[in-house]
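K.L.:
My structure file input-v5.pdb, PDB, C-alpha atoms, pLDDT in the B column, is below:
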ATOM      1  CA  MET I   5       5.794  21.796  17.024  1.00 41.00           C
ATOM      2  CA  GLN I   6       2.413  23.556  17.167  1.00 38.00           C
ATOM      3  CA  ALA I   7       2.513  24.388  13.453  1.00 43.00           C
ATOM      4  CA  PHE I   8       3.396  20.777  12.655  1.00 45.00           C
ATOM      5  CA  ALA I   9       0.469  19.552  14.768  1.00 40.00           C
ATOM      6  CA  VAL I  10      -1.985  21.803  12.977  1.00 40.00           C
ATOM      7  CA  ALA I  11      -0.713  20.730   9.559  1.00 46.00           C
ATOM      8  CA  ALA I  12      -0.857  17.007  10.360  1.00 48.00           C
ATOM      9  CA  LEU I  13      -4.351  17.198  11.836  1.00 44.00           C
ATOM     10  CA  SER I  14      -5.588  19.291   8.900  1.00 46.00           C
ATOM     11  CA  ILE I  15      -4.419  16.603   6.475  1.00 48.00           C
ATOM     12  CA  TRP I  16      -6.310  13.960   8.444  1.00 47.00           C
ATOM     13  CA  LEU I  17      -9.491  16.017   8.418  1.00 45.00           C
ATOM     14  CA  CYS I  18      -9.232  16.445   4.647  1.00 44.00           C
ATOM     15  CA  LEU I  19      -8.821  12.688   4.213  1.00 44.00           C
ATOM     16  CA  GLY I  20     -12.314  12.090   5.574  1.00 45.00           C
ATOM     17  CA  ALA I  21     -12.466  12.470   9.328  1.00 46.00           C
ATOM     18  CA  THR I  22     -16.186  12.993   9.904  1.00 44.00           C
ATOM     19  CA  THR I  23     -16.790  12.641  13.628  1.00 43.00           C
ATOM     20  CA  LEU I  24     -14.509  14.002  16.312  1.00 46.00           C
ATOM     21  CA  ALA I  25     -14.629  12.069  19.556  1.00 45.00           C
ATOM     22  CA  GLU I  26     -13.507  13.316  22.923  1.00 46.00           C
ATOM     23  CA  SER I  27     -10.169  11.889  23.947  1.00 45.00           C
ATOM     24  CA  HIS I  28      -9.879  10.068  27.256  1.00 57.00           C
ATOM     25  CA  GLY I  29      -6.122   9.664  27.107  1.00 71.00           C
ATOM     26  CA  PRO I  30      -5.706   6.068  25.860  1.00 86.00           C
ATOM     27  CA  GLN I  31      -2.683   4.126  26.954  1.00 88.00           C
ATOM     28  CA  HIS I  32       0.306   3.684  24.696  1.00 93.00           C
ATOM     29  CA  CYS I  33      -0.216   0.592  22.537  1.00 95.00           C
ATOM     30  CA  THR I  34       1.926  -1.924  20.671  1.00 95.00           C
ATOM     31  CA  SER I  35       1.502  -3.054  17.072  1.00 96.00           C
ATOM     32  CA  PRO I  36       0.752  -6.727  16.372  1.00 97.00           C
ATOM     33  CA  ASN I  37       2.883  -8.857  14.092  1.00 98.00           C
ATOM     34  CA  MET I  38       2.178  -7.664  10.575  1.00 98.00           C
ATOM     35  CA  THR I  39       2.735  -8.217   6.900  1.00 98.00           C
ATOM     36  CA  GLY I  40       1.568  -5.713   4.335  1.00 97.00           C
ATOM     37  CA  VAL I  41       2.531  -3.042   1.837  1.00 97.00           C
ATOM     38  CA  LEU I  42       4.430   0.082   2.851  1.00 97.00           C
ATOM     39  CA  THR I  43       4.471   3.124   0.575  1.00 96.00           C
ATOM     40  CA  VAL I  44       6.690   6.132   1.221  1.00 96.00           C
ATOM     41  CA  MET I  45       5.997   9.512  -0.357  1.00 96.00           C
ATOM     42  CA  ALA I  46       7.999  12.746  -0.114  1.00 95.00           C
ATOM     43  CA  LEU I  47       5.358  15.416   0.469  1.00 92.00           C
ATOM     44  CA  ASN I  48       7.707  18.242  -0.473  1.00 85.00           C
ATOM     45  CA  GLY I  49       7.752  17.141  -4.102  1.00 84.00           C
ATOM     46  CA  GLY I  50       5.159  14.384  -4.394  1.00 88.00           C
ATOM     47  CA  GLU I  51       7.727  11.708  -5.254  1.00 90.00           C
ATOM     48  CA  ILE I  52       7.061   8.081  -4.356  1.00 91.00           C
ATOM     49  CA  LYS I  53      10.306   7.167  -2.629  1.00 92.00           C
ATOM     50  CA  ALA I  54       9.557   3.464  -2.231  1.00 92.00           C
ATOM     51  CA  THR I  55       6.767   0.921  -2.173  1.00 94.00           C
ATOM     52  CA  GLY I  56       7.034  -2.738  -1.300  1.00 95.00           C
ATOM     53  CA  HIS I  57       6.068  -5.619   0.947  1.00 96.00           C
ATOM     54  CA  TYR I  58       7.161  -5.837   4.548  1.00 98.00           C
ATOM     55  CA  HIS I  59       7.142  -8.285   7.452  1.00 98.00           C
ATOM     56  CA  TYR I  60       7.266  -6.964  11.019  1.00 98.00           C
ATOM     57  CA  ASP I  61       7.953  -9.002  14.158  1.00 98.00           C
ATOM     58  CA  THR I  62       6.714  -6.865  17.044  1.00 97.00           C
ATOM     59  CA  THR I  63       8.177  -9.130  19.734  1.00 96.00           C
ATOM     60  CA  ASP I  64      11.755  -9.174  18.487  1.00 96.00           C
ATOM     61  CA  LYS I  65      11.482  -5.767  16.757  1.00 97.00           C
ATOM     62  CA  LYS I  66      12.570  -7.020  13.341  1.00 98.00           C
ATOM     63  CA  LEU I  67      11.501  -5.553  10.009  1.00 98.00           C
ATOM     64  CA  ARG I  68      12.094  -6.879   6.507  1.00 98.00           C
ATOM     65  CA  PHE I  69      11.199  -4.601   3.599  1.00 97.00           C
ATOM     66  CA  THR I  70      11.488  -5.648  -0.045  1.00 95.00           C
ATOM     67  CA  GLU I  71      10.824  -3.067  -2.720  1.00 93.00           C
ATOM     68  CA  SER I  72       8.232  -3.898  -5.349  1.00 87.00           C
ATOM     69  CA  GLU I  73       9.369  -4.547  -8.913  1.00 75.00           C
ATOM     70  CA  MET I  74       6.614  -2.168  -9.997  1.00 68.00           C
ATOM     71  CA  HIS I  75       8.679   0.684  -8.568  1.00 56.00           C
ATOM     72  CA  LEU I  76      11.424   0.632 -11.190  1.00 53.00           C
ATOM     73  CA  ASN I  77      11.831   4.261 -12.187  1.00 55.00           C
ATOM     74  CA  LYS I  78      15.490   4.114 -11.226  1.00 52.00           C
ATOM     75  CA  SER I  79      18.589   2.229 -12.285  1.00 51.00           C
ATOM     76  CA  GLU I  80      19.651   0.913  -8.882  1.00 60.00           C
ATOM     77  CA  HIS I  81      18.855  -2.526  -7.502  1.00 67.00           C
ATOM     78  CA  LEU I  82      15.579  -3.187  -5.714  1.00 83.00           C
ATOM     79  CA  GLU I  83      15.902  -2.142  -2.099  1.00 90.00           C
ATOM     80  CA  ASP I  84      15.893  -5.021   0.378  1.00 95.00           C
ATOM     81  CA  TYR I  85      16.329  -4.119   4.042  1.00 97.00           C
ATOM     82  CA  LEU I  86      16.504  -6.166   7.228  1.00 98.00           C
ATOM     83  CA  MET I  87      16.266  -3.902  10.272  1.00 98.00           C
ATOM     84  CA  LEU I  88      17.051  -5.245  13.746  1.00 97.00           C
ATOM     85  CA  PHE I  89      15.946  -2.412  16.005  1.00 96.00           C
ATOM     86  CA  GLU I  90      16.879  -4.059  19.316  1.00 95.00           C
ATOM     87  CA  GLU I  91      20.421  -4.601  18.043  1.00 95.00           C
ATOM     88  CA  GLY I  92      20.662  -1.187  16.408  1.00 95.00           C
ATOM     89  CA  VAL I  93      21.654  -2.753  13.078  1.00 96.00           C
ATOM     90  CA  PHE I  94      20.280  -2.869   9.570  1.00 95.00           C
ATOM     91  CA  TYR I  95      21.355  -4.801   6.497  1.00 97.00           C
ATOM     92  CA  ASP I  96      21.139  -3.461   2.948  1.00 96.00           C
ATOM     93  CA  ILE I  97      20.810  -6.676   0.937  1.00 96.00           C
ATOM     94  CA  ASP I  98      21.390  -7.149  -2.787  1.00 93.00           C
ATOM     95  CA  LEU I  99      20.178 -10.646  -3.620  1.00 90.00           C
ATOM     96  CA  LYS I 100      20.900 -10.292  -7.328  1.00 88.00           C
ATOM     97  CA  ASN I 101      24.600  -9.519  -6.830  1.00 91.00           C
ATOM     98  CA  GLN I 102      24.964 -11.541  -3.605  1.00 93.00           C
ATOM     99  CA  SER I 103      26.248  -8.515  -1.694  1.00 95.00           C
ATOM    100  CA  CYS I 104      25.366  -6.943   1.605  1.00 96.00           C
ATOM    101  CA  ARG I 105      26.153  -4.017   3.903  1.00 96.00           C
ATOM    102  CA  LYS I 106      25.793  -4.036   7.684  1.00 97.00           C
ATOM    103  CA  MET I 107      25.187  -0.578   9.154  1.00 96.00           C
ATOM    104  CA  SER I 108      24.246   0.946  12.478  1.00 95.00           C
ATOM    105  CA  LEU I 109      20.820   2.336  13.360  1.00 94.00           C
ATOM    106  CA  GLN I 110      20.872   5.345  15.655  1.00 91.00           C
ATOM    107  CA  SER I 111      17.158   5.241  16.581  1.00 93.00           C
ATOM    108  CA  HIS I 112      14.510   2.611  17.357  1.00 93.00           C
ATOM    109  CA  ALA I 113      11.691   4.814  16.018  1.00 95.00           C
ATOM    110  CA  HIS I 114       9.950   3.718  12.814  1.00 97.00           C
ATOM    111  CA  ALA I 115       6.597   3.897  11.026  1.00 97.00           C
ATOM    112  CA  LEU I 116       5.270   0.429  11.916  1.00 97.00           C
ATOM    113  CA  GLU I 117       5.381   0.823  15.689  1.00 97.00           C
ATOM    114  CA  LEU I 118       4.094   3.642  17.876  1.00 96.00           C
ATOM    115  CA  PRO I 119       7.258   5.281  19.299  1.00 94.00           C
ATOM    116  CA  ALA I 120       7.692   5.084  23.055  1.00 90.00           C
ATOM    117  CA  GLY I 121       7.395   8.829  23.601  1.00 92.00           C
ATOM    118  CA  ALA I 122       4.263   9.348  21.489  1.00 96.00           C
ATOM    119  CA  VAL I 123       1.627  11.610  23.078  1.00 96.00           C
ATOM    120  CA  HIS I 124      -2.050  11.103  22.320  1.00 95.00           C
ATOM    121  CA  GLN I 125      -3.738  14.070  20.617  1.00 95.00           C
ATOM    122  CA  VAL I 126      -7.238  13.111  19.557  1.00 94.00           C
ATOM    123  CA  GLU I 127      -9.569  10.230  18.734  1.00 92.00           C
ATOM    124  CA  LEU I 128     -11.624  10.480  15.563  1.00 89.00           C
ATOM    125  CA  PHE I 129     -13.518   8.620  12.891  1.00 84.00           C
ATOM    126  CA  LEU I 130     -12.437   8.245   9.282  1.00 80.00           C
ATOM    127  CA  GLY I 131     -15.138   7.369   6.818  1.00 72.00           C
ATOM    128  CA  SER I 132     -18.724   8.191   6.022  1.00 64.00           C
ATOM    129  CA  ASP I 133     -21.514   9.893   7.937  1.00 61.00           C
ATOM    130  CA  THR I 134     -24.077   7.607   6.321  1.00 64.00           C
ATOM    131  CA  VAL I 135     -22.355   4.202   6.182  1.00 62.00           C
ATOM    132  CA  GLN I 136     -21.253   3.437   9.728  1.00 62.00           C
ATOM    133  CA  GLU I 137     -19.785   0.053   8.760  1.00 64.00           C
ATOM    134  CA  GLU I 138     -17.143   1.832   6.682  1.00 66.00           C
ATOM    135  CA  ASN I 139     -15.947   4.034   9.531  1.00 78.00           C
ATOM    136  CA  ILE I 140     -12.560   3.450  11.118  1.00 85.00           C
ATOM    137  CA  LYS I 141     -11.967   4.715  14.636  1.00 90.00           C
ATOM    138  CA  VAL I 142      -8.402   5.957  15.037  1.00 94.00           C
ATOM    139  CA  ASN I 143      -6.113   7.626  17.522  1.00 96.00           C
ATOM    140  CA  ILE I 144      -3.723  10.385  16.477  1.00 96.00           C
ATOM    141  CA  TRP I 145      -0.389  10.535  18.298  1.00 97.00           C
ATOM    142  CA  MET I 146       2.485  12.985  18.039  1.00 97.00           C
ATOM    143  CA  GLY I 147       6.047  13.218  19.223  1.00 97.00           C
ATOM    144  CA  SER I 148       9.659  13.781  18.275  1.00 96.00           C
ATOM    145  CA  VAL I 149      12.734  11.679  17.570  1.00 95.00           C
ATOM    146  CA  PRO I 150      15.606  13.274  19.553  1.00 93.00           C
ATOM    147  CA  GLU I 151      18.306  11.415  17.606  1.00 91.00           C
ATOM    148  CA  THR I 152      17.172  12.913  14.297  1.00 91.00           C
ATOM    149  CA  LYS I 153      15.486  16.127  15.497  1.00 92.00           C
ATOM    150  CA  GLY I 154      12.422  15.011  13.573  1.00 95.00           C
ATOM    151  CA  GLN I 155       8.738  15.248  14.450  1.00 97.00           C
ATOM    152  CA  TYR I 156       5.998  12.760  13.658  1.00 97.00           C
ATOM    153  CA  SER I 157       2.241  12.265  13.647  1.00 97.00           C
ATOM    154  CA  VAL I 158       0.968   8.672  13.706  1.00 97.00           C
ATOM    155  CA  SER I 159      -2.541   7.299  13.238  1.00 96.00           C
ATOM    156  CA  THR I 160      -3.357   3.927  14.809  1.00 97.00           C
ATOM    157  CA  THR I 161      -6.625   2.011  14.841  1.00 95.00           C
ATOM    158  CA  VAL I 162      -8.425   1.909  18.166  1.00 94.00           C
ATOM    159  CA  GLY I 163      -8.273  -1.550  19.713  1.00 90.00           C
ATOM    160  CA  ASP I 164      -5.653  -3.416  17.690  1.00 93.00           C
ATOM    161  CA  CYS I 165      -3.168  -0.523  17.318  1.00 96.00           C
ATOM    162  CA  LEU I 166      -2.549  -0.978  13.593  1.00 96.00           C
ATOM    163  CA  PRO I 167      -0.428   1.935  12.308  1.00 97.00           C
ATOM    164  CA  LEU I 168      -2.262   3.332   9.273  1.00 96.00           C
ATOM    165  CA  SER I 169       0.046   6.186   8.363  1.00 96.00           C
ATOM    166  CA  THR I 170       2.894   8.266   9.708  1.00 97.00           C
ATOM    167  CA  PHE I 171       3.904  11.813   8.840  1.00 97.00           C
ATOM    168  CA  TYR I 172       7.568  12.498   9.577  1.00 97.00           C
ATOM    169  CA  SER I 173       9.186  15.893   9.210  1.00 96.00           C
ATOM    170  CA  THR I 174      12.552  17.597   9.722  1.00 94.00           C
ATOM    171  CA  ASP I 175      13.846  20.953   8.526  1.00 91.00           C
ATOM    172  CA  SER I 176      14.643  19.391   5.150  1.00 89.00           C
ATOM    173  CA  ILE I 177      12.150  16.557   4.525  1.00 91.00           C
ATOM    174  CA  THR I 178       8.507  15.633   5.013  1.00 95.00           C
ATOM    175  CA  LEU I 179       7.600  11.995   4.429  1.00 97.00           C
ATOM    176  CA  LEU I 180       4.293  10.147   4.467  1.00 98.00           C
ATOM    177  CA  PHE I 181       4.397   6.408   5.256  1.00 98.00           C
ATOM    178  CA  SER I 182       1.187   4.574   4.286  1.00 97.00           C
ATOM    179  CA  ASN I 183       0.455   1.058   5.542  1.00 97.00           C
ATOM    180  CA  SER I 184      -1.985  -1.084   3.530  1.00 97.00           C
ATOM    181  CA  GLN I 185      -3.090  -4.671   2.809  1.00 97.00           C
ATOM    182  CA  VAL I 186      -2.247  -5.555   6.399  1.00 97.00           C
ATOM    183  CA  VAL I 187      -2.438  -9.099   7.757  1.00 97.00           C
ATOM    184  CA  THR I 188      -1.816  -9.397  11.498  1.00 97.00           C
ATOM    185  CA  GLU I 189       0.612 -12.291  11.400  1.00 96.00           C
ATOM    186  CA  VAL I 190       3.968 -13.268   9.941  1.00 96.00           C
ATOM    187  CA  LYS I 191       3.516 -16.492   7.986  1.00 90.00           C
ATOM    188  CA  GLU I 192       7.137 -16.666   6.823  1.00 93.00           C
ATOM    189  CA  PRO I 193       9.445 -16.019   9.819  1.00 94.00           C
ATOM    190  CA  GLU I 194      12.391 -17.158   7.705  1.00 96.00           C
ATOM    191  CA  VAL I 195      12.360 -13.713   6.047  1.00 96.00           C
ATOM    192  CA  PHE I 196      14.208 -12.470   9.130  1.00 97.00           C
ATOM    193  CA  SER I 197      17.081 -14.893   8.550  1.00 95.00           C
ATOM    194  CA  LEU I 198      20.272 -13.411   7.144  1.00 94.00           C
ATOM    195  CA  PRO I 199      21.481 -14.633   3.745  1.00 95.00           C
ATOM    196  CA  SER I 200      24.778 -16.482   4.106  1.00 95.00           C
ATOM    197  CA  PHE I 201      26.665 -13.767   2.233  1.00 96.00           C
ATOM    198  CA  CYS I 202      25.657 -11.234   4.914  1.00 96.00           C
ATOM    199  CA  GLU I 203      27.196 -13.177   7.791  1.00 94.00           C
ATOM    200  CA  GLY I 204      30.415 -12.055   9.427  1.00 94.00           C
ATOM    201  CA  LEU I 205      30.368  -8.512   8.069  1.00 96.00           C
ATOM    202  CA  GLU I 206      32.023  -5.628   9.898  1.00 95.00           C
ATOM    203  CA  LEU I 207      29.588  -3.040  11.222  1.00 95.00           C
ATOM    204  CA  GLU I 208      29.782   0.269   9.391  1.00 94.00           C
ATOM    205  CA  ASP I 209      29.492   3.081  11.924  1.00 86.00           C
ATOM    206  CA  THR I 210      26.933   5.167  10.066  1.00 86.00           C
ATOM    207  CA  HIS I 211      24.310   7.626  11.268  1.00 84.00           C
ATOM    208  CA  ASN I 212      21.245   5.933   9.828  1.00 91.00           C
ATOM    209  CA  ASP I 213      17.666   5.758  11.027  1.00 94.00           C
ATOM    210  CA  PHE I 214      14.503   4.288   9.557  1.00 96.00           C
ATOM    211  CA  PHE I 215      13.250   7.604   8.189  1.00 95.00           C
ATOM    212  CA  SER I 216      16.474   8.809   6.603  1.00 93.00           C
ATOM    213  CA  ILE I 217      17.008   5.407   4.962  1.00 93.00           C
ATOM    214  CA  PHE I 218      13.710   5.692   3.110  1.00 92.00           C
ATOM    215  CA  ASN I 219      14.391   9.312   2.223  1.00 90.00           C
ATOM    216  CA  THR I 220      17.541   8.316   0.336  1.00 84.00           C
ATOM    217  CA  VAL I 221      16.220   5.361  -1.700  1.00 76.00           C
TER     218      VAL I 221
END
Would you mind writing the file's structure down as structure tokens?
P.N.:
Amino acid sequence: MQAFAVAALSIWLCLGATTLAESHGPQHCTSPNMTGVLTVMALNGGEIKATGHYHYDTTDKKLRFTESEMHLNKSEHLEDYLMLFEEGVFYDIDLKNQSCRKMSLQSHAHALELPAGAVHQVELFLGSDTVQEENIKVNIWMGSVPETKGQYSVSTTVGDCLPLSTFYSTDSITLLFSNSQVVTEVKEPEVFSLPSFCEGLELEDTHNDFFSIFNTV
């Protein structure tokens, strides 16, 4: 865990952390409702695993992710996921072929919400020494996901708790989730509604979690 912490913090410093502030142990925070663009990169290879638009309902813990058509370096259909974290279920939706799979989620942890067991590490500034208006004040949090034996490092903005990026690592993978073009509302709540062809499906008892799903796209 110590080696992982050093590596994650080193990456943040290289990305432009200019002023280190003393941490006063901020309280755990909750993300707002969000829409934006999520990009997933495998750091042990540099491959972009997925990029697309998402909608996140922080109250009901629902996430809809639709892969961008710009990310078409593969022959499969565009990924379209509806994740219901409170229910422990996610749907793999294929709108083109009108097909759907309903599978179990073994963990509530994901990259758009600070996990419950996250421990604050440090508060710092990202940006410029000379242009204060361009600085972003962030908190760095770390923790583990017992269900997957993975470790993570999350950066959230101070105040509104927007997750900017998440590093997630296991013995076999290291993923970087980047959150951009964020709007703190969900203008189209109907995106969380199931297509009719997904209704009434039997639950597949699979060992999926948010991180492994994006590692296999």
K.L.:
Write out as a PyMOL selection string which residues come within 9 Å of Glu117 (chain I) when counting only C-alpha atoms, dropping same-chain ones fewer than 6 positions away.
P.N.:
chain I and resi 33-36+62+165-167
K.L.:
To verify the selection step, state as number ranges by chain which residues the PyMOL selection byres ((chain I and resi 145-150) around 7) yields on this input.
P.N.:
I: 121-125, 143-144, 151-159
K.L.:
Show which residues sit within 9 Å of region 206-215 of chain I, as a PyMOL selection string. Count all atoms listed in the file, and ignore same-chain residues fewer than 2 positions away.
P.N.:
chain I and resi 87+93-94+105-115+151-152+172+179+204+217-220
K.L.:
Decode the PyMOL selection byres ((chain I and resi 64) around 10) for the given file into explicit residues and return them as a list in words.
P.N.:
Asn37, Tyr60, Asp61, Thr62, Thr63, Lys65, Lys66, Leu67, Leu88, Phe89, Glu90 and Glu91 of chain I
K.L.:
Could you tell me how far CA of His59 (chain I) lies from CA of Val41 (chain I), in Å and to one decimal?
P.N.:
9.0 Å
K.L.:
Hey, which of I:Thr161, I:Val186, I:Gly49, I:Val221 ends up closest to Asn139 (chain I)? Count only C-alpha atoms.
P.N.:
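Looking only at the distances to Asn139 (chain I), the closest residue turns out to be I:Thr161.
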